[in-house]
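K.L.:
If you scroll down you'll find the structure; I have some questions about it.
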Amino acid sequence: MTTIPPKLHFPYALRVMRAGHAVRRVGWTDRWWIWRGGIVVQVEAGEDNRPVQSTDYDADDLLSWDWTTLPVDCELLSKEPDMQELMTVRPYDGLPDSADPLGLGCNLPTIESIKK
C-alpha cells in the first residue's frame, strides 16, 4: 500500500498536491491548498476557492516540516514526529489505495468536507 507520512516538508507536500490531495499546515484549521490546472488553490471554509497569493504564506511556511493531508482532528498530529522519519526523502509512487492510508482512522478529506 502506498502511504503518505503524517507530516511533510513543502516539496513533498507539493508532490502530494499534484497527485490530487489537499494539504495544509498542522496549525491551519480552516484552510487547505490543492493543485488545480497547474496552480495552487486555497480552499477555505466559507470562502470562494482562489489561487494562492504571496500574502497567503511566508518563508516559514515553505521551510516548515509540518504539512499534512490529515484532518484537523486527527490524533496522530498531536504526537511528536520521529525526525529521522520526517527527514527521509522518499519517492512518491502514486495515490494511496485507501482513504485512510495510515490505518489510523484519519480519512483523507474531500474538497466538499473542507468547504463546510
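By convention in this document, the chains of the C-alpha cells carry letters A, B, ... by their order, each chain's residues are numbered from 1, and ligands are numbered from 1 in the order they are shown.
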Which stretch 13-54 of chain A residues have any atom within 12 Å of an atom of stretch 59-76 of chain A, and for each, what is the nearest pair of atoms with distance in Å to one decimal, counting only C-alpha atoms, rows sorted by chain and number, as JSON lines?

P.N.:
{"residue": "A:Ala13", "atom": "CA", "partner": "A:Trp67", "partner_atom": "CA", "distance": 6.3}
{"residue": "A:Leu14", "atom": "CA", "partner": "A:Trp67", "partner_atom": "CA", "distance": 9.5}
{"residue": "A:Arg15", "atom": "CA", "partner": "A:Trp67", "partner_atom": "CA", "distance": 11.7}
{"residue": "A:Val16", "atom": "CA", "partner": "A:Thr69", "partner_atom": "CA", "distance": 8.4}
{"residue": "A:Met17", "atom": "CA", "partner": "A:Thr69", "partner_atom": "CA", "distance": 9.0}
{"residue": "A:Ala19", "atom": "CA", "partner": "A:Thr69", "partner_atom": "CA", "distance": 11.8}
{"residue": "A:Gly20", "atom": "CA", "partner": "A:Thr69", "partner_atom": "CA", "distance": 10.7}
{"residue": "A:His21", "atom": "CA", "partner": "A:Thr69", "partner_atom": "CA", "distance": 6.9}
{"residue": "A:Ala22", "atom": "CA", "partner": "A:Thr69", "partner_atom": "CA", "distance": 6.0}
{"residue": "A:Val23", "atom": "CA", "partner": "A:Thr69", "partner_atom": "CA", "distance": 4.6}
{"residue": "A:Arg24", "atom": "CA", "partner": "A:Trp67", "partner_atom": "CA", "distance": 5.5}
{"residue": "A:Arg25", "atom": "CA", "partner": "A:Trp67", "partner_atom": "CA", "distance": 4.4}
{"residue": "A:Val26", "atom": "CA", "partner": "A:Asp66", "partner_atom": "CA", "distance": 5.7}
{"residue": "A:Gly27", "atom": "CA", "partner": "A:Asp66", "partner_atom": "CA", "distance": 8.4}
{"residue": "A:Trp28", "atom": "CA", "partner": "A:Val72", "partner_atom": "CA", "distance": 8.0}
{"residue": "A:Thr29", "atom": "CA", "partner": "A:Val72", "partner_atom": "CA", "distance": 5.9}
{"residue": "A:Asp30", "atom": "CA", "partner": "A:Val72", "partner_atom": "CA", "distance": 8.6}
{"residue": "A:Arg31", "atom": "CA", "partner": "A:Val72", "partner_atom": "CA", "distance": 10.2}
{"residue": "A:Trp32", "atom": "CA", "partner": "A:Thr69", "partner_atom": "CA", "distance": 8.9}
{"residue": "A:Trp33", "atom": "CA", "partner": "A:Thr69", "partner_atom": "CA", "distance": 9.8}
{"residue": "A:Ile34", "atom": "CA", "partner": "A:Thr69", "partner_atom": "CA", "distance": 10.4}
{"residue": "A:Ser54", "atom": "CA", "partner": "A:Ala59", "partner_atom": "CA", "distance": 10.1}

K.L.:
Given the selection you just returned, output its residues as a file containing C-alpha atoms, formatted as a CSV table (one decimal), in the first residue's frame.

P.N.:
chain,number,residue,atom,x,y,z
A,13,ALA,CA,3.6,18.3,0.1
A,14,LEU,CA,3.7,19.9,-3.3
A,15,ARG,CA,4.1,16.4,-4.9
A,16,VAL,CA,1.2,15.1,-2.9
A,17,MET,CA,-0.9,18.1,-4.0
A,19,ALA,CA,-1.1,13.8,-7.1
A,20,GLY,CA,-4.6,15.0,-6.2
A,21,HIS,CA,-4.6,15.5,-2.4
A,22,ALA,CA,-5.4,18.6,-0.3
A,23,VAL,CA,-2.6,19.7,2.1
A,24,ARG,CA,-2.4,22.1,5.0
A,25,ARG,CA,0.0,23.2,7.8
A,26,VAL,CA,-0.8,21.4,11.1
A,27,GLY,CA,-1.7,24.8,12.6
A,28,TRP,CA,-4.1,25.7,9.9
A,29,THR,CA,-7.6,24.7,11.0
A,30,ASP,CA,-9.6,26.4,8.3
A,31,ARG,CA,-7.7,26.4,5.0
A,32,TRP,CA,-6.2,23.8,2.7
A,33,TRP,CA,-4.2,24.0,-0.5
A,34,ILE,CA,-5.0,22.0,-3.6
A,54,SER,CA,2.1,35.8,-1.9

K.L.:
Please provide as a PDB file with C-alpha atoms, in the first residue's frame all residues within 6 Å of A:Val40, with the sequence filter that same-chain residues fewer than 5 positions apart are discarded (counting only C-alpha atoms).

P.N.:
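Ended up saving to selection_39.pdb:
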ATOM      1  CA  ILE A  34      -4.976  21.965  -3.601  1.00  0.00           C
ATOM      2  CA  TRP A  35      -3.451  21.690  -7.091  1.00  0.00           C
ATOM      3  CA  PRO A  51      -5.244  30.913  -6.363  1.00  0.00           C
ATOM      4  CA  VAL A  52      -2.752  31.151  -3.502  1.00  0.00           C
TER       5      VAL A  52
END

K.L.:
Between atom CA of A:Val41 and atom CA of A:Phe10, what distance in Å does the model show, to one decimal?

P.N.:
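Atom-to-atom, atom CA of A:Val41 to atom CA of A:Phe10, that is 15.0 Å.
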